[in-house]
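J.: Provided herewith: run.cif, mmCIF, C-alpha atoms.
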data_run
#
loop_
_atom_site.label_atom_id
_atom_site.label_comp_id
_atom_site.auth_asym_id
_atom_site.auth_seq_id
_atom_site.Cartn_x
_atom_site.Cartn_y
_atom_site.Cartn_z
CA MET A 1 -80.64 -77.32 -45.10
CA THR A 2 -81.83 -74.00 -43.66
CA GLU A 3 -79.51 -71.57 -41.94
CA ALA A 4 -81.40 -72.08 -38.65
CA LEU A 5 -81.02 -75.88 -38.80
CA ASP A 6 -77.35 -75.53 -39.68
CA ALA A 7 -76.90 -73.29 -36.61
CA LEU A 8 -78.70 -75.83 -34.39
CA LEU A 9 -76.54 -78.70 -35.62
CA ASP A 10 -73.46 -76.58 -34.94
CA LEU A 11 -74.77 -75.92 -31.42
CA LEU A 12 -75.12 -79.66 -30.82
CA ASP A 13 -71.64 -80.47 -32.17
CA LEU A 14 -69.71 -80.42 -28.90
CA GLU A 15 -66.02 -79.67 -28.50
CA GLN A 16 -64.02 -82.49 -26.92
CA ILE A 17 -61.65 -80.98 -24.35
CA GLU A 18 -60.38 -84.20 -22.77
CA GLN A 19 -61.27 -87.88 -22.84
CA ASP A 20 -64.94 -88.09 -21.79
CA TYR A 21 -65.11 -84.30 -21.25
CA PHE A 22 -66.99 -82.11 -23.72
CA ARG A 23 -67.86 -78.42 -23.91
CA GLY A 24 -71.05 -76.97 -25.31
CA ARG A 25 -72.31 -73.49 -26.07
CA SER A 26 -75.75 -71.98 -25.67
CA ARG A 27 -77.79 -69.43 -27.51
CA SER A 28 -80.25 -66.85 -26.29
CA ALA A 29 -83.68 -68.19 -25.33
CA LEU A 30 -87.14 -66.78 -24.66
CA VAL A 31 -86.44 -66.94 -20.94
CA PRO A 32 -83.18 -65.99 -19.13
CA ARG A 33 -81.95 -69.58 -18.85
CA VAL A 34 -80.72 -72.33 -21.12
CA PHE A 35 -83.49 -74.22 -22.96
CA GLY A 36 -83.86 -77.63 -21.32
CA GLY A 37 -84.10 -79.48 -24.62
CA GLN A 38 -80.71 -78.09 -25.61
CA VAL A 39 -79.01 -79.39 -22.44
CA ALA A 40 -80.64 -82.82 -22.78
CA ALA A 41 -79.67 -83.07 -26.45
CA GLN A 42 -76.08 -81.96 -25.82
CA ALA A 43 -75.71 -84.41 -22.92
CA LEU A 44 -76.94 -87.23 -25.15
CA VAL A 45 -74.42 -86.19 -27.81
CA ALA A 46 -71.65 -86.35 -25.18
CA ALA A 47 -72.74 -89.82 -24.04
CA GLY A 48 -73.06 -91.03 -27.62
CA ARG A 49 -69.52 -89.93 -28.47
CA THR A 50 -68.24 -92.61 -26.04
CA VAL A 51 -70.37 -95.46 -27.40
CA PRO A 52 -69.89 -97.57 -30.57
CA ARG A 53 -71.94 -96.21 -33.48
CA ASP A 54 -73.87 -99.48 -33.82
CA ARG A 55 -75.43 -98.98 -30.38
CA PRO A 56 -78.07 -96.24 -30.51
CA PRO A 57 -79.73 -95.09 -27.26
CA HIS A 58 -82.90 -96.89 -26.24
CA SER A 59 -83.67 -94.79 -23.13
CA LEU A 60 -82.66 -91.73 -21.16
CA HIS A 61 -83.58 -90.41 -17.73
CA ALA A 62 -82.65 -86.87 -16.76
CA TYR A 63 -83.00 -84.30 -13.98
CA PHE A 64 -82.78 -80.54 -14.39
CA LEU A 65 -80.97 -79.38 -11.25
CA ARG A 66 -80.29 -75.67 -11.79
CA ALA A 67 -81.18 -73.05 -14.37
CA GLY A 68 -78.42 -72.89 -16.97
CA ASP A 69 -76.63 -69.62 -17.76
CA PRO A 70 -76.92 -68.99 -21.54
CA GLY A 71 -73.87 -66.71 -21.41
CA ALA A 72 -71.45 -69.37 -20.15
CA PRO A 73 -70.16 -72.64 -21.64
CA ILE A 74 -71.43 -75.96 -20.31
CA VAL A 75 -68.99 -78.79 -19.55
CA TYR A 76 -70.35 -82.32 -19.96
CA MET A 77 -68.54 -85.03 -17.97
CA VAL A 78 -69.26 -88.59 -19.11
CA ASP A 79 -68.95 -91.53 -16.73
CA ARG A 80 -68.61 -94.92 -18.46
CA ILE A 81 -70.79 -96.93 -16.10
CA ARG A 82 -70.92 -100.20 -18.02
CA ASP A 83 -70.04 -101.74 -21.40
CA GLY A 84 -71.84 -105.07 -21.75
CA ARG A 85 -72.31 -107.46 -24.65
CA SER A 86 -75.68 -105.95 -25.60
CA PHE A 87 -76.12 -102.82 -23.51
CA THR A 88 -73.95 -99.81 -22.71
CA THR A 89 -74.72 -97.40 -19.85
CA ARG A 90 -73.47 -93.84 -19.52
CA ARG A 91 -73.97 -91.12 -16.91
CA VAL A 92 -73.46 -87.46 -17.84
CA VAL A 93 -73.21 -84.46 -15.51
CA ALA A 94 -73.47 -80.98 -17.01
CA VAL A 95 -71.54 -78.33 -15.06
CA GLN A 96 -71.54 -74.53 -15.10
CA HIS A 97 -69.73 -72.17 -12.73
CA GLY A 98 -68.51 -75.17 -10.71
CA HIS A 99 -72.02 -76.57 -10.05
CA PRO A 100 -74.00 -79.38 -11.69
CA ILE A 101 -77.02 -78.07 -13.58
CA PHE A 102 -78.20 -81.30 -15.22
CA HIS A 103 -77.82 -85.06 -14.80
CA LEU A 104 -78.46 -87.68 -17.49
CA SER A 105 -78.40 -91.48 -17.46
CA ALA A 106 -78.64 -93.12 -20.87
CA SER A 107 -78.64 -96.73 -22.02
CA PHE A 108 -77.59 -97.90 -25.48
CA GLN A 109 -78.31 -101.26 -27.12
CA THR A 110 -77.09 -103.30 -30.05
CA TYR A 111 -79.99 -104.08 -32.41
CA GLU A 112 -81.68 -107.45 -31.94
CA GLU A 113 -84.91 -109.18 -33.00
CA GLY A 114 -87.67 -109.61 -30.41
CA LEU A 115 -91.39 -109.60 -29.66
CA GLU A 116 -93.36 -106.84 -31.40
CA HIS A 117 -96.53 -104.93 -30.50
CA GLN A 118 -97.47 -101.27 -30.11
CA ALA A 119 -100.29 -98.90 -29.21
CA ASP A 120 -102.19 -97.68 -32.26
CA MET A 121 -101.56 -94.21 -33.58
CA PRO A 122 -104.44 -91.86 -32.66
CA PRO A 123 -106.35 -89.89 -35.30
CA ALA A 124 -104.59 -86.67 -36.34
CA PRO A 125 -104.94 -84.17 -39.18
CA ASP A 126 -102.53 -84.23 -42.11
CA PRO A 127 -99.53 -82.06 -41.13
CA GLU A 128 -99.48 -80.39 -44.53
CA SER A 129 -103.02 -79.12 -43.89
CA LEU A 130 -101.98 -77.26 -40.71
CA PRO A 131 -100.59 -73.70 -40.48
CA THR A 132 -96.88 -73.22 -39.92
CA ALA A 133 -95.64 -71.52 -36.76
CA ALA A 134 -95.01 -68.31 -38.70
CA GLU A 135 -98.64 -68.35 -39.87
CA MET A 136 -100.26 -69.43 -36.60
CA LEU A 137 -98.36 -67.70 -33.77
CA PRO A 138 -99.14 -64.08 -34.75
CA ARG A 139 -102.86 -64.92 -34.56
CA HIS A 140 -102.64 -65.58 -30.82
CA LEU A 141 -99.64 -63.66 -29.44
CA PRO A 142 -98.33 -60.09 -29.47
CA ALA A 143 -96.18 -59.48 -32.54
CA ASP A 144 -92.89 -59.23 -30.63
CA VAL A 145 -93.51 -62.42 -28.63
CA ALA A 146 -94.62 -64.32 -31.73
CA ALA A 147 -91.54 -63.18 -33.66
CA ARG A 148 -89.19 -64.33 -30.88
CA LEU A 149 -90.92 -67.70 -30.60
CA VAL A 150 -90.80 -68.24 -34.37
CA GLU A 151 -87.10 -67.38 -34.37
CA ALA A 152 -86.37 -69.71 -31.43
CA ARG A 153 -88.02 -72.61 -33.27
CA ALA A 154 -86.84 -71.78 -36.78
CA ALA A 155 -84.82 -75.00 -37.13
CA VAL A 156 -87.99 -77.07 -36.68
CA ASP A 157 -91.26 -77.09 -38.60
CA LEU A 158 -93.69 -77.52 -35.68
CA ARG A 159 -97.43 -77.44 -36.38
CA TYR A 160 -100.20 -77.56 -33.79
CA ALA A 161 -103.17 -79.79 -34.61
CA ASP A 162 -105.40 -77.57 -32.46
CA VAL A 163 -105.28 -74.14 -30.85
CA PRO A 164 -102.24 -73.93 -28.51
CA PRO A 165 -102.60 -72.90 -24.84
CA TRP A 166 -101.98 -69.21 -25.46
CA GLY A 167 -104.77 -69.21 -28.04
CA SER A 168 -107.46 -70.36 -25.59
CA VAL A 169 -106.63 -68.53 -22.36
CA GLY A 170 -109.47 -68.69 -19.83
CA THR A 171 -111.12 -71.72 -21.43
CA PRO A 172 -110.14 -75.03 -19.78
CA ARG A 173 -110.33 -78.01 -22.08
CA GLU A 174 -109.27 -81.63 -22.32
CA PRO A 175 -105.61 -81.95 -21.29
CA ARG A 176 -104.47 -83.29 -24.66
CA SER A 177 -102.29 -81.70 -27.31
CA GLN A 178 -100.97 -82.85 -30.67
CA VAL A 179 -98.20 -81.34 -32.76
CA TRP A 180 -96.48 -82.55 -35.89
CA PHE A 181 -92.79 -81.76 -36.24
CA ARG A 182 -89.78 -82.30 -38.46
CA THR A 183 -86.52 -80.46 -38.96
CA ASN A 184 -86.48 -77.66 -41.52
CA GLY A 185 -84.05 -79.50 -43.77
CA LYS A 186 -82.60 -82.93 -44.38
CA LEU A 187 -80.28 -84.61 -41.90
CA ALA A 188 -77.39 -87.02 -42.36
CA ASP A 189 -78.03 -90.77 -42.08
CA ASP A 190 -76.86 -90.96 -38.47
CA PRO A 191 -79.37 -92.65 -36.10
CA LEU A 192 -77.95 -90.85 -33.04
CA LEU A 193 -78.42 -87.46 -34.71
CA HIS A 194 -82.12 -88.11 -35.33
CA ILE A 195 -82.62 -89.23 -31.72
CA VAL A 196 -80.77 -86.14 -30.47
CA LEU A 197 -82.99 -83.84 -32.55
CA ALA A 198 -86.15 -85.53 -31.26
CA THR A 199 -84.82 -85.11 -27.72
CA TYR A 200 -84.30 -81.40 -28.38
CA VAL A 201 -87.86 -80.92 -29.68
CA SER A 202 -89.47 -83.09 -26.98
CA ASP A 203 -89.03 -80.34 -24.36
CA MET A 204 -90.81 -77.65 -26.41
CA THR A 205 -94.48 -78.54 -25.93
CA LEU A 206 -94.86 -81.48 -23.52
CA LEU A 207 -96.32 -79.44 -20.65
CA ASP A 208 -98.87 -77.71 -22.92
CA SER A 209 -101.50 -80.25 -21.94
CA VAL A 210 -101.10 -79.27 -18.27
CA LEU A 211 -101.90 -75.67 -19.21
CA LEU A 212 -104.90 -76.63 -21.34
CA ALA A 213 -106.62 -78.33 -18.39
CA HIS A 214 -106.67 -75.00 -16.53
CA GLY A 215 -107.15 -72.50 -19.35
CA ARG A 216 -103.67 -71.08 -18.86
CA GLY A 217 -101.63 -69.63 -21.69
CA GLY A 218 -98.25 -70.45 -20.25
CA TRP A 219 -94.80 -68.97 -20.42
CA ALA A 220 -95.53 -67.03 -23.63
CA VAL A 221 -98.21 -64.91 -21.93
CA GLY A 222 -96.90 -65.03 -18.36
CA ASP A 223 -99.93 -66.43 -16.53
CA VAL A 224 -97.83 -69.30 -15.16
CA VAL A 225 -94.16 -69.72 -14.31
CA GLY A 226 -92.43 -73.02 -14.66
CA ALA A 227 -89.44 -75.14 -15.54
CA SER A 228 -88.69 -78.75 -16.38
CA LEU A 229 -87.83 -80.96 -13.40
CA ASP A 230 -87.18 -84.34 -14.96
CA HIS A 231 -87.46 -85.93 -18.38
CA ALA A 232 -87.50 -89.54 -19.56
CA MET A 233 -87.58 -91.01 -23.07
CA TRP A 234 -87.72 -94.52 -24.51
CA PHE A 235 -86.76 -95.03 -28.15
CA HIS A 236 -88.66 -98.03 -29.53
CA ARG A 237 -88.14 -98.01 -33.30
CA PRO A 238 -85.92 -96.22 -35.82
CA PHE A 239 -87.21 -92.90 -37.16
CA ARG A 240 -86.02 -89.82 -39.00
CA ALA A 241 -86.37 -86.40 -37.38
CA ASP A 242 -86.42 -84.80 -40.86
CA GLU A 243 -89.67 -86.59 -41.67
CA TRP A 244 -93.05 -85.82 -40.08
CA LEU A 245 -93.48 -87.12 -36.52
CA LEU A 246 -96.71 -86.87 -34.51
CA TYR A 247 -96.20 -85.80 -30.88
CA ASP A 248 -99.37 -86.92 -29.08
CA GLN A 249 -99.35 -85.45 -25.55
CA GLU A 250 -101.56 -85.54 -22.48
CA SER A 251 -101.46 -84.62 -18.79
CA PRO A 252 -102.80 -87.16 -16.26
CA SER A 253 -102.08 -85.00 -13.19
CA ALA A 254 -101.15 -81.62 -11.76
CA SER A 255 -100.65 -81.00 -8.04
CA ALA A 256 -98.35 -79.38 -5.48
CA GLY A 257 -97.04 -76.84 -8.00
CA ARG A 258 -96.05 -79.58 -10.45
CA GLY A 259 -97.57 -80.86 -13.69
CA LEU A 260 -97.00 -84.20 -15.42
CA GLY A 261 -96.97 -84.68 -19.17
CA GLN A 262 -96.76 -87.96 -21.02
CA ALA A 263 -96.60 -88.51 -24.75
CA ARG A 264 -95.99 -90.83 -27.66
CA ILE A 265 -94.19 -89.95 -30.87
CA TYR A 266 -95.34 -91.73 -34.04
CA THR A 267 -93.95 -91.77 -37.56
CA GLN A 268 -96.36 -90.59 -40.25
CA ASP A 269 -97.01 -94.20 -41.31
CA GLY A 270 -98.13 -95.10 -37.76
CA ARG A 271 -95.08 -96.70 -36.11
CA LEU A 272 -94.64 -95.92 -32.40
CA ALA A 273 -91.12 -94.48 -32.25
CA VAL A 274 -90.73 -92.84 -28.81
CA THR A 275 -92.44 -92.59 -25.43
CA VAL A 276 -91.82 -89.44 -23.35
CA ILE A 277 -92.68 -88.49 -19.76
CA GLN A 278 -91.84 -85.17 -18.13
CA GLU A 279 -92.67 -83.41 -14.87
CA GLY A 280 -92.27 -79.69 -14.47
CA VAL A 281 -92.87 -76.87 -12.05
CA VAL A 282 -96.13 -75.13 -13.01
CA ARG A 283 -97.00 -72.29 -10.65
CA VAL A 284 -99.50 -69.46 -10.83
CA PRO A 285 -97.61 -66.20 -10.16
CA ARG A 286 -98.37 -64.56 -6.85
CA ARG A 287 -100.01 -61.18 -7.09
CA PRO A 288 -98.05 -58.35 -5.43
#
Represent the structure from my file as C-alpha cells, please.
T.:
Amino acid sequence: MTEALDALLDLLDLEQIEQDYFRGRSRSALVPRVFGGQVAAQALVAAGRTVPRDRPPHSLHAYFLRAGDPGAPIVYMVDRIRDGRSFTTRRVVAVQHGHPIFHLSASFQTYEEGLEHQADMPPAPDPESLPTAAEMLPRHLPADVAARLVEARAAVDLRYADVPPWGSVGTPREPRSQVWFRTNGKLADDPLLHIVLATYVSDMTLLDSVLLAHGRGGWAVGDVVGASLDHAMWFHRPFRADEWLLYDQESPSASAGRGLGQARIYTQDGRLAVTVIQEGVVRVPRRP
C-alpha cells in the first residue's frame, strides 16, 4: 500500500463520538473547499457503520448544500430510517459550524438472486497502455498546477483514455470521457470499503464531459467555475476498487448554469458495476 492510499484510508476512518454520530477530518484541496467525493465517501462510511456487514449499499442519493471548510472537522449524524428484512435505509447529515453542508440517503440490501441483464461495456483502450497522471498532466498544465493535481490524486491510479478537457481548450468535441482507475495499492476484503473508494473517485471527473462539449478546460485552468450540486449512485454488482475499473462518462445536457453528467463503471472483464449521475454548477466567469 502506498503512503498516499494509507493517508486516504485514514481520512475515511471516522471517529465515533456518540451512537450514530461520527467526526471526520479533511485535507487541503485544489480549491478552498472540501472535495465533494470526500464528504460523500465519509457520509457513506458513517451510514455503513450502523448497518450489518452483510448488507452492502445498493444506492445513494446526495445533495451538496454548502461548501465545506477544509480547516474544520465535519460531524456526520446518522438517522436510522428503516431496518427491514431485506433492505436498510439510512439518512446522514454532515454539519460544520452549526450548519448542514451535505445530505445523504443510502439504501442497503441483503444479497439475493434475481433477474440478470446489463448494458454492454463500450470499447476502451487497455489501461496499461495509457499514461499515468504523473506522465500526462505536465503535458497539458502549468508545472505547479499539474504537481498539485498529481498530489491530490496520488492515492488513485487514474488514466484518461483521451485528452482531458484542459488539454483541448477551445476545441469543442463529443461530450464523452473515459478514464480507468484503481487504488494505488491493495485493499482489505471489505465490500463497503471498495464501494466507499469508488464513491470518492466518482466525483473527480464526472463533469469533464460537460466541459468537452464547449471546449472548456475547467477548474484546473480557470475558464469555468463550478461545484457539485447532487450525486446519485447505484451499485449493481460486486467489484474491487483496487482492480481496474472503466469510468465511461457522458453529458446529455447543460443549461441554466448547470451541467449534467451520467456514467457507468465497468470491471475490466466487462461487468456493469455502478451507474452514476451528477449535476453541477458550471458557469463561465464574468469578465470584470
J.: Show me the residues around (-72.3, -83.6, -22.1) - criterion: an atom at most 12 Å away, only C-alpha atoms counted - as a PyMOL selection string.
T.: chain A and resi 12-25+38-50+73-79+90-96+100-106
J.: Generate a file of the selected residues that holds C-alpha atoms, formatted as an mmCIF file, in the coordinates of the input.
T.:
data_model
loop_
_atom_site.group_PDB
_atom_site.id
_atom_site.type_symbol
_atom_site.label_atom_id
_atom_site.label_comp_id
_atom_site.auth_asym_id
_atom_site.auth_seq_id
_atom_site.Cartn_x
_atom_site.Cartn_y
_atom_site.Cartn_z
ATOM 1 C CA LEU A 12 -75.120 -79.660 -30.820
ATOM 2 C CA ASP A 13 -71.640 -80.470 -32.170
ATOM 3 C CA LEU A 14 -69.710 -80.420 -28.900
ATOM 4 C CA GLU A 15 -66.020 -79.670 -28.500
ATOM 5 C CA GLN A 16 -64.020 -82.490 -26.920
ATOM 6 C CA ILE A 17 -61.650 -80.980 -24.350
ATOM 7 C CA GLU A 18 -60.380 -84.200 -22.770
ATOM 8 C CA GLN A 19 -61.270 -87.880 -22.840
ATOM 9 C CA ASP A 20 -64.940 -88.090 -21.790
ATOM 10 C CA TYR A 21 -65.110 -84.300 -21.250
ATOM 11 C CA PHE A 22 -66.990 -82.110 -23.720
ATOM 12 C CA ARG A 23 -67.860 -78.420 -23.910
ATOM 13 C CA GLY A 24 -71.050 -76.970 -25.310
ATOM 14 C CA ARG A 25 -72.310 -73.490 -26.070
ATOM 15 C CA GLN A 38 -80.710 -78.090 -25.610
ATOM 16 C CA VAL A 39 -79.010 -79.390 -22.440
ATOM 17 C CA ALA A 40 -80.640 -82.820 -22.780
ATOM 18 C CA ALA A 41 -79.670 -83.070 -26.450
ATOM 19 C CA GLN A 42 -76.080 -81.960 -25.820
ATOM 20 C CA ALA A 43 -75.710 -84.410 -22.920
ATOM 21 C CA LEU A 44 -76.940 -87.230 -25.150
ATOM 22 C CA VAL A 45 -74.420 -86.190 -27.810
ATOM 23 C CA ALA A 46 -71.650 -86.350 -25.180
ATOM 24 C CA ALA A 47 -72.740 -89.820 -24.040
ATOM 25 C CA GLY A 48 -73.060 -91.030 -27.620
ATOM 26 C CA ARG A 49 -69.520 -89.930 -28.470
ATOM 27 C CA THR A 50 -68.240 -92.610 -26.040
ATOM 28 C CA PRO A 73 -70.160 -72.640 -21.640
ATOM 29 C CA ILE A 74 -71.430 -75.960 -20.310
ATOM 30 C CA VAL A 75 -68.990 -78.790 -19.550
ATOM 31 C CA TYR A 76 -70.350 -82.320 -19.960
ATOM 32 C CA MET A 77 -68.540 -85.030 -17.970
ATOM 33 C CA VAL A 78 -69.260 -88.590 -19.110
ATOM 34 C CA ASP A 79 -68.950 -91.530 -16.730
ATOM 35 C CA ARG A 90 -73.470 -93.840 -19.520
ATOM 36 C CA ARG A 91 -73.970 -91.120 -16.910
ATOM 37 C CA VAL A 92 -73.460 -87.460 -17.840
ATOM 38 C CA VAL A 93 -73.210 -84.460 -15.510
ATOM 39 C CA ALA A 94 -73.470 -80.980 -17.010
ATOM 40 C CA VAL A 95 -71.540 -78.330 -15.060
ATOM 41 C CA GLN A 96 -71.540 -74.530 -15.100
ATOM 42 C CA PRO A 100 -74.000 -79.380 -11.690
ATOM 43 C CA ILE A 101 -77.020 -78.070 -13.580
ATOM 44 C CA PHE A 102 -78.200 -81.300 -15.220
ATOM 45 C CA HIS A 103 -77.820 -85.060 -14.800
ATOM 46 C CA LEU A 104 -78.460 -87.680 -17.490
ATOM 47 C CA SER A 105 -78.400 -91.480 -17.460
ATOM 48 C CA ALA A 106 -78.640 -93.120 -20.870
#
J.: Here is a test: counting only C-alpha atoms, which residue of A:Pro131, A:Gly217, A:Pro191, A:Gly98 is nearest to Pro172 in chain A?
T.: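 Using only C-alpha atoms, the shortest distance to Pro172 in chain A belongs to A:Gly217.
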J.: Evaluate the PyMOL selection byres ((chain A and resi 178-187) around 6) here and jot the selected residues down as a list in words.
T.: Met1, Thr2, Ala155, Val156, Asp157, Leu158, Arg159, Tyr160, Ala161, Ser177, Ala188, Ala241, Asp242, Glu243, Trp244, Leu245, Leu246, Tyr247, Asp248 and Gln249 of chain A
J.: Could you dump the residues just selected with C-alpha atoms as an mmCIF file, in the frame of the given file?
T.:
data_model
loop_
_atom_site.group_PDB
_atom_site.id
_atom_site.type_symbol
_atom_site.label_atom_id
_atom_site.label_comp_id
_atom_site.auth_asym_id
_atom_site.auth_seq_id
_atom_site.Cartn_x
_atom_site.Cartn_y
_atom_site.Cartn_z
ATOM 1 C CA MET A 1 -80.640 -77.320 -45.100
ATOM 2 C CA THR A 2 -81.830 -74.000 -43.660
ATOM 3 C CA ALA A 155 -84.820 -75.000 -37.130
ATOM 4 C CA VAL A 156 -87.990 -77.070 -36.680
ATOM 5 C CA ASP A 157 -91.260 -77.090 -38.600
ATOM 6 C CA LEU A 158 -93.690 -77.520 -35.680
ATOM 7 C CA ARG A 159 -97.430 -77.440 -36.380
ATOM 8 C CA TYR A 160 -100.200 -77.560 -33.790
ATOM 9 C CA ALA A 161 -103.170 -79.790 -34.610
ATOM 10 C CA SER A 177 -102.290 -81.700 -27.310
ATOM 11 C CA ALA A 188 -77.390 -87.020 -42.360
ATOM 12 C CA ALA A 241 -86.370 -86.400 -37.380
ATOM 13 C CA ASP A 242 -86.420 -84.800 -40.860
ATOM 14 C CA GLU A 243 -89.670 -86.590 -41.670
ATOM 15 C CA TRP A 244 -93.050 -85.820 -40.080
ATOM 16 C CA LEU A 245 -93.480 -87.120 -36.520
ATOM 17 C CA LEU A 246 -96.710 -86.870 -34.510
ATOM 18 C CA TYR A 247 -96.200 -85.800 -30.880
ATOM 19 C CA ASP A 248 -99.370 -86.920 -29.080
ATOM 20 C CA GLN A 249 -99.350 -85.450 -25.550
#
J.: Which residues match the PyMOL selection byres ((chain A and resi 269-279) around 8) in the file above, as a ChimeraX atom specification?
T.: /A:118-121,202,206-207,228-239,258-268,280-281
J.: Do you have the CA of Ala124 in chain A-CA of Leu211 in chain A distance handy?
T.: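 Separating CA of Ala124 in chain A from CA of Leu211 in chain A is a distance of 20.5 Å.
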J.: Enumerate, as a VMD selection string, the residues matched when the PyMOL selection byres ((chain A and resi 135-145) around 12) is run on the file above.
T.: chain A and resid 29 to 31 130 to 134 146 to 153 157 to 169 217 to 222
J.: I need the chosen residues saved as a tab-separated table (two decimals), in the coordinates of the input, with C-alpha atoms.
T.:
chain	number	residue	atom	x	y	z
A	29	ALA	CA	-83.68	-68.19	-25.33
A	30	LEU	CA	-87.14	-66.78	-24.66
A	31	VAL	CA	-86.44	-66.94	-20.94
A	130	LEU	CA	-101.98	-77.26	-40.71
A	131	PRO	CA	-100.59	-73.70	-40.48
A	132	THR	CA	-96.88	-73.22	-39.92
A	133	ALA	CA	-95.64	-71.52	-36.76
A	134	ALA	CA	-95.01	-68.31	-38.70
A	146	ALA	CA	-94.62	-64.32	-31.73
A	147	ALA	CA	-91.54	-63.18	-33.66
A	148	ARG	CA	-89.19	-64.33	-30.88
A	149	LEU	CA	-90.92	-67.70	-30.60
A	150	VAL	CA	-90.80	-68.24	-34.37
A	151	GLU	CA	-87.10	-67.38	-34.37
A	152	ALA	CA	-86.37	-69.71	-31.43
A	153	ARG	CA	-88.02	-72.61	-33.27
A	157	ASP	CA	-91.26	-77.09	-38.60
A	158	LEU	CA	-93.69	-77.52	-35.68
A	159	ARG	CA	-97.43	-77.44	-36.38
A	160	TYR	CA	-100.20	-77.56	-33.79
A	161	ALA	CA	-103.17	-79.79	-34.61
A	162	ASP	CA	-105.40	-77.57	-32.46
A	163	VAL	CA	-105.28	-74.14	-30.85
A	164	PRO	CA	-102.24	-73.93	-28.51
A	165	PRO	CA	-102.60	-72.90	-24.84
A	166	TRP	CA	-101.98	-69.21	-25.46
A	167	GLY	CA	-104.77	-69.21	-28.04
A	168	SER	CA	-107.46	-70.36	-25.59
A	169	VAL	CA	-106.63	-68.53	-22.36
A	217	GLY	CA	-101.63	-69.63	-21.69
A	218	GLY	CA	-98.25	-70.45	-20.25
A	219	TRP	CA	-94.80	-68.97	-20.42
A	220	ALA	CA	-95.53	-67.03	-23.63
A	221	VAL	CA	-98.21	-64.91	-21.93
A	222	GLY	CA	-96.90	-65.03	-18.36
J.: Quote the spacing between CA of Glu250 in chain A and CA of Arg176 in chain A in Å to one decimal place.
T.: 4.3 Å
J.: Counting only C-alpha atoms, which of A:Val51, A:Ala154, A:Leu5, A:Leu65 gets nearest to Ser86 in chain A?
T.: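 Among the listed residues, A:Val51 lies closest to Ser86 in chain A.
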J.: For CA of Gly68 in chain A and CA of Pro285 in chain A, determine how far apart the two atoms are, in Å to one decimal place.
T.: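 Distance reported for this atom pair: 21.4 Å.
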J.: Taking into account all atoms listed in the file, which residue in the set A:Ala227, A:Ala254, A:Leu193, A:Val201 is nearest to Gly37 in chain A?
T.: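 When distances to Gly37 in chain A are compared using all atoms listed in the file, the smallest one comes from A:Val201.
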